[in-house]
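Next up, work_36.txt (compact mmCIF, C-alpha atoms):
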```
# COMPACT_ATOMS: atom_id res chain seq x y z
CA MET A 1 14.28 71.97 -3.71
CA PRO A 2 12.12 69.17 -2.21
CA ARG A 3 12.74 68.19 1.43
CA ASN A 4 13.07 64.42 1.39
CA GLU A 5 16.14 63.70 3.52
CA GLY A 6 14.28 61.01 5.50
CA TYR A 7 14.18 58.62 2.53
CA TYR A 8 17.89 59.13 1.86
CA TYR A 9 18.86 58.57 5.50
CA ALA A 10 16.66 55.46 5.61
CA ALA A 11 18.24 54.07 2.40
CA TYR A 12 21.81 54.59 3.67
CA ALA A 13 21.02 53.15 7.11
CA LEU A 14 19.14 50.11 5.78
CA SER A 15 21.79 49.29 3.17
CA ALA A 16 24.51 49.47 5.84
CA LEU A 17 22.39 47.21 8.06
CA VAL A 18 21.95 44.61 5.29
CA TYR A 19 25.66 44.53 4.36
CA VAL A 20 26.95 44.48 7.94
CA GLY A 21 24.30 41.92 8.91
CA TYR A 22 25.37 39.63 6.08
CA ALA A 23 29.08 39.94 6.94
CA VAL A 24 28.25 39.08 10.57
CA SER A 25 26.16 36.08 9.41
CA ILE A 26 29.18 34.63 7.53
CA TRP A 27 31.40 35.16 10.57
CA TRP A 28 28.75 33.59 12.83
CA ARG A 29 28.30 30.50 10.62
CA ALA A 30 32.08 30.01 10.37
CA ARG A 31 32.39 30.30 14.15
CA GLU A 32 29.59 27.77 14.74
CA LEU A 33 31.19 25.37 12.26
CA ASP A 34 34.53 25.71 14.00
CA ARG A 35 32.90 25.15 17.40
CA LYS A 36 31.09 21.99 16.17
CA ALA A 37 34.28 20.65 14.54
CA ARG A 38 36.01 20.80 17.90
CA MET B 39 40.89 42.87 3.72
CA PHE B 40 37.75 43.70 5.74
CA ALA B 41 39.58 46.67 7.31
CA ILE B 42 40.32 48.11 3.84
CA VAL B 43 36.71 47.55 2.77
CA ALA B 44 35.39 49.17 5.99
CA LEU B 45 37.60 52.21 5.39
CA ALA B 46 36.46 52.42 1.76
CA ILE B 47 32.80 52.22 2.83
CA VAL B 48 33.27 55.00 5.40
CA ALA B 49 35.06 57.14 2.77
CA THR B 50 32.26 56.53 0.25
CA TYR B 51 29.50 57.37 2.73
CA VAL B 52 31.31 60.55 3.87
CA ARG B 53 31.97 61.62 0.27
CA ALA B 54 28.35 60.95 -0.77
CA ILE B 55 26.76 62.57 2.29
CA ALA B 56 29.02 65.57 2.94
CA PHE B 57 30.99 66.33 -0.22
CA THR B 58 28.60 65.65 -3.11
CA PRO B 59 26.17 68.39 -4.16
CA LEU B 60 22.40 67.97 -4.00
CA GLU B 61 20.53 67.53 -7.26
CA ALA B 62 18.18 70.52 -7.76
CA MET B 63 15.06 68.67 -8.93
CA GLN B 64 15.12 65.58 -6.67
CA GLY B 65 16.79 66.99 -3.56
CA ALA B 66 18.54 64.71 -1.07
CA ALA B 67 16.72 61.59 -2.29
CA GLN B 68 18.93 61.59 -5.41
CA LYS B 69 21.88 60.58 -3.20
CA ILE B 70 20.29 57.12 -2.96
CA TYR B 71 21.76 56.75 -6.47
CA TYR B 72 25.26 56.18 -4.99
CA ILE B 73 24.01 53.09 -3.13
CA HIS B 74 21.30 51.82 -5.46
CA VAL B 75 23.12 51.76 -8.81
CA PRO B 76 26.52 50.35 -7.65
CA SER B 77 24.64 47.64 -5.72
CA ALA B 78 22.75 46.73 -8.90
CA TRP B 79 25.94 46.61 -11.00
CA VAL B 80 27.71 44.44 -8.42
CA ALA B 81 24.67 42.14 -8.15
CA PHE B 82 24.86 41.63 -11.93
CA LEU B 83 28.59 40.90 -11.62
CA ALA B 84 27.88 38.36 -8.86
CA PHE B 85 25.27 36.51 -10.94
CA PHE B 86 27.53 36.62 -14.00
CA VAL B 87 30.21 34.90 -11.86
CA VAL B 88 27.59 32.29 -10.81
CA ALA B 89 26.83 31.57 -14.48
CA VAL B 90 30.46 31.38 -15.60
CA THR B 91 31.68 29.23 -12.70
CA GLY B 92 28.61 26.99 -13.02
CA LEU B 93 29.26 26.41 -16.71
CA LEU B 94 32.94 25.79 -15.97
CA TRP B 95 31.91 23.22 -13.35
CA LEU B 96 29.83 21.38 -15.99
CA TRP B 97 33.01 21.16 -18.06
CA LEU B 98 35.74 20.60 -15.43
CA ARG B 99 33.77 19.07 -12.48
CA ASP B 100 35.95 20.95 -10.00
CA ASP B 101 34.19 21.44 -6.63
CA ARG B 102 35.97 24.74 -6.05
CA LEU B 103 34.03 26.22 -8.98
CA ASP B 104 30.75 25.06 -7.45
CA ARG B 105 31.68 26.67 -4.14
CA ILE B 106 32.50 29.97 -5.88
CA ALA B 107 29.13 29.82 -7.67
CA GLU B 108 27.29 29.08 -4.41
CA SER B 109 29.09 31.91 -2.59
CA SER B 110 28.63 34.43 -5.40
CA ALA B 111 24.90 33.63 -5.62
CA GLU B 112 24.40 34.31 -1.91
CA VAL B 113 26.36 37.57 -2.06
CA GLY B 114 24.45 38.56 -5.22
CA VAL B 115 21.12 38.02 -3.45
CA VAL B 116 22.30 40.34 -0.66
CA PHE B 117 23.25 43.07 -3.16
CA THR B 118 19.92 42.63 -4.98
CA THR B 119 18.12 42.93 -1.63
CA VAL B 120 19.75 46.34 -1.16
CA VAL B 121 18.66 47.32 -4.70
CA LEU B 122 15.07 46.30 -3.89
CA VAL B 123 15.12 48.15 -0.54
CA THR B 124 16.70 51.40 -1.77
CA GLY B 125 14.69 51.55 -5.02
CA PRO B 126 11.28 52.08 -3.36
CA LEU B 127 12.86 54.54 -0.89
CA TRP B 128 13.97 56.58 -3.91
CA GLY B 129 10.78 56.00 -5.89
CA ARG B 130 8.39 57.24 -3.20
CA PRO B 131 9.61 60.88 -3.06
CA VAL B 132 10.47 61.11 -6.79
CA TRP B 133 7.72 59.08 -8.52
CA GLY B 134 5.09 59.35 -5.79
CA THR B 135 4.88 55.57 -5.37
CA TRP B 136 6.91 52.91 -3.56
CA TRP B 137 6.51 50.34 -6.32
CA THR B 138 5.13 49.86 -9.80
CA TRP B 139 4.90 46.62 -11.76
CA ASP B 140 6.88 47.87 -14.74
CA ALA B 141 9.44 45.83 -16.68
CA ARG B 142 12.62 46.99 -14.88
CA LEU B 143 11.31 46.63 -11.33
CA THR B 144 9.42 43.40 -11.93
CA SER B 145 12.31 41.69 -13.73
CA THR B 146 14.72 42.72 -10.94
CA LEU B 147 12.35 41.24 -8.36
CA PHE B 148 12.16 38.11 -10.53
CA LEU B 149 15.99 37.92 -10.63
CA TRP B 150 16.03 38.06 -6.82
CA PHE B 151 13.49 35.21 -6.64
CA VAL B 152 15.43 33.10 -9.19
CA TYR B 153 18.65 33.23 -7.16
CA LEU B 154 16.77 32.82 -3.87
CA GLY B 155 15.32 29.69 -5.52
CA TYR B 156 18.87 28.73 -6.54
CA LEU B 157 19.94 28.82 -2.86
CA VAL B 158 16.84 26.88 -1.76
CA LEU B 159 17.55 24.28 -4.47
CA ARG B 160 21.09 23.87 -3.18
CA GLY B 161 19.81 23.34 0.32
CA ALA B 162 17.35 20.68 -0.84
CA ILE B 163 19.84 18.36 -2.64
CA GLU B 164 22.29 16.34 -0.55
CA ASP B 165 24.27 14.70 -3.34
CA ARG B 166 27.11 17.10 -4.09
CA ALA B 167 27.52 16.33 -7.82
CA LEU B 168 23.78 16.40 -8.50
CA ARG B 169 23.45 19.67 -6.57
CA ALA B 170 26.31 21.24 -8.51
CA ARG B 171 24.84 20.13 -11.86
CA TYR B 172 21.28 21.41 -11.25
CA SER B 173 22.63 24.62 -9.70
CA ALA B 174 24.94 25.26 -12.65
CA VAL B 175 22.04 25.02 -15.10
CA LEU B 176 19.75 27.27 -13.02
CA GLY B 177 22.59 29.74 -12.33
CA ALA B 178 23.39 30.07 -16.03
CA LEU B 179 19.73 30.40 -17.07
CA GLY B 180 19.07 32.99 -14.35
CA ALA B 181 21.90 35.18 -15.64
CA LEU B 182 20.06 35.50 -18.99
CA LEU B 183 17.81 37.94 -17.13
CA ILE B 184 20.69 40.43 -16.72
CA PRO B 185 20.78 41.80 -20.31
CA PHE B 186 16.98 41.78 -20.32
CA ILE B 187 16.89 43.89 -17.14
CA HIS B 188 19.46 46.32 -18.57
CA LEU B 189 17.57 46.71 -21.85
CA SER B 190 14.06 46.67 -20.31
CA VAL B 191 14.00 50.49 -20.01
CA TYR B 192 14.56 50.74 -23.78
CA MET B 193 12.15 47.93 -24.71
CA PHE B 194 9.17 48.93 -22.56
CA ARG B 195 7.56 52.10 -21.25
CA THR B 196 8.68 52.26 -17.62
CA LEU B 197 8.76 54.73 -14.75
CA HIS B 198 12.39 53.76 -14.19
CA PRO B 199 14.73 56.26 -15.90
CA LEU B 200 17.16 55.38 -18.69
CA PRO B 201 20.80 54.80 -17.68
CA ILE B 202 22.80 58.00 -17.18
CA ILE B 203 26.19 56.24 -17.05
CA GLY B 204 25.90 52.72 -18.53
CA LYS B 205 25.03 53.92 -22.04
CA PRO B 206 26.93 54.40 -25.34
CA SER B 207 27.16 58.23 -25.03
CA ARG B 208 29.01 60.24 -22.36
CA PRO B 209 27.69 60.05 -18.75
CA SER B 210 25.04 62.70 -18.00
CA LEU B 211 26.37 63.54 -14.53
CA PRO B 212 28.49 66.46 -13.31
CA SER B 213 32.07 65.46 -12.49
CA GLU B 214 31.62 65.77 -8.68
CA MET B 215 28.73 63.29 -8.80
CA LEU B 216 30.58 61.05 -11.26
CA VAL B 217 33.60 60.80 -8.93
CA THR B 218 31.31 59.81 -6.03
CA PHE B 219 29.59 57.23 -8.21
CA PHE B 220 32.85 55.59 -9.31
CA LEU B 221 34.18 55.67 -5.74
CA ALA B 222 30.99 53.87 -4.64
CA LEU B 223 31.26 51.40 -7.51
CA GLY B 224 34.89 50.60 -6.61
CA THR B 225 34.01 50.24 -2.92
CA PHE B 226 31.05 47.97 -3.57
CA THR B 227 33.11 45.82 -5.95
CA LEU B 228 35.79 45.51 -3.26
CA MET B 229 33.09 44.61 -0.73
CA TYR B 230 31.81 41.93 -3.12
CA VAL B 231 35.30 40.41 -3.38
CA ALA B 232 35.73 40.46 0.42
CA LEU B 233 32.31 38.87 1.07
CA LEU B 234 32.87 36.30 -1.70
CA ARG B 235 36.25 35.30 -0.22
CA ALA B 236 34.80 35.00 3.29
CA ARG B 237 31.79 33.01 2.08
CA TYR B 238 34.01 30.75 -0.06
CA ARG B 239 36.27 30.02 2.91
CA TYR B 240 33.20 29.10 4.96
CA ALA B 241 31.91 26.79 2.17
CA THR B 242 35.32 25.10 1.95
CA ALA B 243 35.48 24.55 5.72
CA ARG B 244 31.91 23.21 5.74
CA ASP B 245 32.61 20.73 2.91
CA ARG B 246 35.81 19.55 4.64
CA ALA B 247 33.86 19.03 7.88
CA LEU B 248 31.21 17.02 5.99
CA ASP B 249 33.93 14.93 4.28
CA ALA B 250 35.52 14.22 7.68
CA LEU B 251 32.14 13.10 9.06
CA GLU B 252 31.62 10.70 6.15
CA GLU B 253 35.06 9.08 6.55
```

This structure in structure tokens:
Amino acid sequence: MPRNEGYYYAAYALSALVYVGYAVSIWWRARELDRKAR
Amino acid sequence: MFAIVALAIVATYVRAIAFTPLEAMQGAAQKIYYIHVPSAWVAFLAFFVVAVTGLLWLWLRDDRLDRIAESSAEVGVVFTTVVLVTGPLWGRPVWGTWWTWDARLTSTLFLWFVYLGYLVLRGAIEDRALRARYSAVLGALGALLIPFIHLSVYMFRTLHPLPIIGKPSRPSLPSEMLVTFFLALGTFTLMYVALLRARYRYATARDRALDALEE
């Protein structure tokens, strides 16, 4: 069986980073909007 | 809702990493499948929602539909980004190359650019009705790529494999892998709904703030 765990770890880590990063970006934009509105 | 989604994501990752067997020919790299394919399916769903809500806006002229389309396009671009990141990470150990300009990969990259262009277009037009109209047309036309991408592996010679689940015959996966796949698909669909709701709420608050400024 080929040893290629590095690619799989990288894919899981990067996908988590993209999804969490995007969720944080929505939260951040909403917070900034709320701050400006006040 | 985010707490439920977070729990589902943790459960999916644990199931895929620790409780799903390795594929004998590809080794651990095959587990990228549980991220790559559900992300692609959900990206298609997101762009389908963009097309439908855009066309409904052209008919009903309801701003809520335009906000759903805008939100779904942004979330769809994020899911497509994950497809385009995880694909080369899977391709390198299995095909021996990060990328090849074949029909499936190139058309997926093109889909990503179309909806990135959709978001840029929205940012460039201030008039809300004009923006909604142009976006609806582009969003609907962009979604025509989805069946083409799905069928591209049948229509052209590509390095990308044929579907092993989304095909007329029975899935060609052992049941343990199939359960992990459907768990991942359910989780990613739930994540899409949660992100769409959050992004829609932001778009609504932003439009209300702009309306208040104009008054």

Show me, as a CSV table (one decimal) with C-alpha atoms, in the frame of the given file, every residue of chain A with an atom at most 8 Å from chain B, counting only C-alpha atoms.
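Here's the written file iface_7.csv:
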```csv
chain,number,residue,atom,x,y,z
A,1,MET,CA,14.3,72.0,-3.7
A,2,PRO,CA,12.1,69.2,-2.2
A,3,ARG,CA,12.7,68.2,1.4
A,4,ASN,CA,13.1,64.4,1.4
A,5,GLU,CA,16.1,63.7,3.5
A,7,TYR,CA,14.2,58.6,2.5
A,8,TYR,CA,17.9,59.1,1.9
A,10,ALA,CA,16.7,55.5,5.6
A,11,ALA,CA,18.2,54.1,2.4
A,12,TYR,CA,21.8,54.6,3.7
A,14,LEU,CA,19.1,50.1,5.8
A,15,SER,CA,21.8,49.3,3.2
A,18,VAL,CA,22.0,44.6,5.3
A,19,TYR,CA,25.7,44.5,4.4
A,22,TYR,CA,25.4,39.6,6.1
A,23,ALA,CA,29.1,39.9,6.9
A,26,ILE,CA,29.2,34.6,7.5
A,29,ARG,CA,28.3,30.5,10.6
A,30,ALA,CA,32.1,30.0,10.4
A,33,LEU,CA,31.2,25.4,12.3
A,37,ALA,CA,34.3,20.6,14.5
```

**Asked** CA of Ala16 in chain A and CA of Thr91 in chain B are how many Å apart?
**Response**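 About the pair CA of Ala16 in chain A and CA of Thr91 in chain B: they are 28.4 Å apart.
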
**Message:** Just the number, please: distance in Å from CA of Thr118 in chain B to CA of Val175 in chain B, one decimal.
**Reply:** 20.4 Å

**Asked** Could you state the separation of CA of Leu234 in chain B and CA of Ile106 in chain B in Å, given to one decimal place?
**Response**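 CA of Ile106 in chain B lies at a distance of 7.6 Å from CA of Leu234 in chain B.
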
Taking all atoms of range 245-249 of chain B that the file lists and extending 5 Å past them on each side, where is the centre of the axis-aligned box and how long are its edges? Answer in Å to one decimal, as AutoDock Vina command-line options.
```
--center_x 33.5 --center_y 17.8 --center_z 5.4 --size_x 14.6 --size_y 15.8 --size_z 15.0
```

**Prompt:** From the set B:Thr58, B:Ser213, B:Thr144, B:Ser207, which residue has the shortest atom-to-atom contact distance to Ile187 in chain B, counting all atoms listed in the file?
**Reply:**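 Looking only at the distances to Ile187 in chain B, the closest residue turns out to be B:Thr144.
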
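Proximity to Asp101 in chain B was assessed for B:Leu149, B:Leu159, B:Ala167, B:Pro201 counting all atoms listed in the file; the smallest distance is recorded for B:Ala167.
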
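Using only C-alpha atoms, the smallest distance between any of B:Val115, B:Met193, B:Val217, B:Leu168 and Gly155 in chain B comes from B:Val115.
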
Quick one: range 165-194 of chain B with N, CA and C atoms, as a compact mmCIF listing (two decimals), in the first residue's frame?
```
# COMPACT_ATOMS: atom_id res chain seq x y z
N ASP B 165 -26.75 50.17 -8.36
CA ASP B 165 -28.21 50.13 -8.45
C ASP B 165 -28.71 48.71 -8.14
N ARG B 166 -29.57 48.60 -7.13
CA ARG B 166 -29.94 47.28 -6.63
C ARG B 166 -30.71 46.45 -7.66
N ALA B 167 -31.64 47.08 -8.37
CA ALA B 167 -32.46 46.33 -9.34
C ALA B 167 -31.63 45.89 -10.54
N LEU B 168 -30.77 46.80 -11.00
CA LEU B 168 -29.90 46.47 -12.14
C LEU B 168 -28.94 45.34 -11.77
N ARG B 169 -28.39 45.44 -10.56
CA ARG B 169 -27.46 44.41 -10.06
C ARG B 169 -28.15 43.05 -9.98
N ALA B 170 -29.37 43.06 -9.46
CA ALA B 170 -30.12 41.80 -9.32
C ALA B 170 -30.42 41.20 -10.70
N ARG B 171 -30.76 42.07 -11.67
CA ARG B 171 -31.12 41.57 -13.01
C ARG B 171 -29.92 40.95 -13.71
N TYR B 172 -28.79 41.69 -13.75
CA TYR B 172 -27.59 41.15 -14.41
C TYR B 172 -27.10 39.89 -13.71
N SER B 173 -27.15 39.91 -12.38
CA SER B 173 -26.67 38.75 -11.60
C SER B 173 -27.54 37.53 -11.86
N ALA B 174 -28.84 37.75 -11.96
CA ALA B 174 -29.76 36.62 -12.19
C ALA B 174 -29.44 35.94 -13.51
N VAL B 175 -29.17 36.75 -14.54
CA VAL B 175 -28.87 36.18 -15.86
C VAL B 175 -27.55 35.40 -15.81
N LEU B 176 -26.51 36.03 -15.22
CA LEU B 176 -25.21 35.36 -15.15
C LEU B 176 -25.29 34.10 -14.26
N GLY B 177 -26.02 34.21 -13.16
CA GLY B 177 -26.16 33.06 -12.24
C GLY B 177 -26.84 31.88 -12.91
N ALA B 178 -27.87 32.17 -13.71
CA ALA B 178 -28.58 31.09 -14.40
C ALA B 178 -27.73 30.48 -15.52
N LEU B 179 -27.01 31.34 -16.26
CA LEU B 179 -26.17 30.83 -17.35
C LEU B 179 -25.01 30.00 -16.80
N GLY B 180 -24.44 30.47 -15.68
CA GLY B 180 -23.31 29.75 -15.07
C GLY B 180 -23.70 28.35 -14.65
N ALA B 181 -24.94 28.19 -14.18
CA ALA B 181 -25.38 26.87 -13.71
C ALA B 181 -25.50 25.85 -14.84
N LEU B 182 -25.54 26.35 -16.11
CA LEU B 182 -25.58 25.41 -17.24
C LEU B 182 -24.30 24.58 -17.32
N LEU B 183 -23.25 25.06 -16.65
CA LEU B 183 -21.99 24.30 -16.62
C LEU B 183 -22.11 23.02 -15.79
N ILE B 184 -23.05 23.00 -14.84
CA ILE B 184 -23.11 21.87 -13.88
C ILE B 184 -23.35 20.53 -14.59
N PRO B 185 -24.40 20.40 -15.44
CA PRO B 185 -24.55 19.11 -16.14
C PRO B 185 -23.38 18.79 -17.05
N PHE B 186 -22.79 19.85 -17.64
CA PHE B 186 -21.63 19.62 -18.50
C PHE B 186 -20.46 19.03 -17.69
N ILE B 187 -20.23 19.60 -16.49
CA ILE B 187 -19.14 19.09 -15.65
C ILE B 187 -19.41 17.64 -15.26
N HIS B 188 -20.66 17.35 -14.90
CA HIS B 188 -20.99 15.98 -14.49
C HIS B 188 -20.77 14.99 -15.64
N LEU B 189 -21.18 15.39 -16.84
CA LEU B 189 -21.10 14.48 -17.98
C LEU B 189 -19.74 14.50 -18.68
N SER B 190 -18.87 15.46 -18.31
CA SER B 190 -17.59 15.63 -19.02
C SER B 190 -16.74 14.36 -19.01
N VAL B 191 -16.84 13.57 -17.91
CA VAL B 191 -16.01 12.35 -17.84
C VAL B 191 -16.52 11.26 -18.80
N TYR B 192 -17.78 11.39 -19.24
CA TYR B 192 -18.31 10.44 -20.23
C TYR B 192 -18.05 10.95 -21.65
N MET B 193 -18.05 12.29 -21.81
CA MET B 193 -17.95 12.89 -23.14
C MET B 193 -16.51 12.99 -23.64
N PHE B 194 -15.56 13.10 -22.73
CA PHE B 194 -14.16 13.30 -23.13
C PHE B 194 -13.28 12.26 -22.44
```
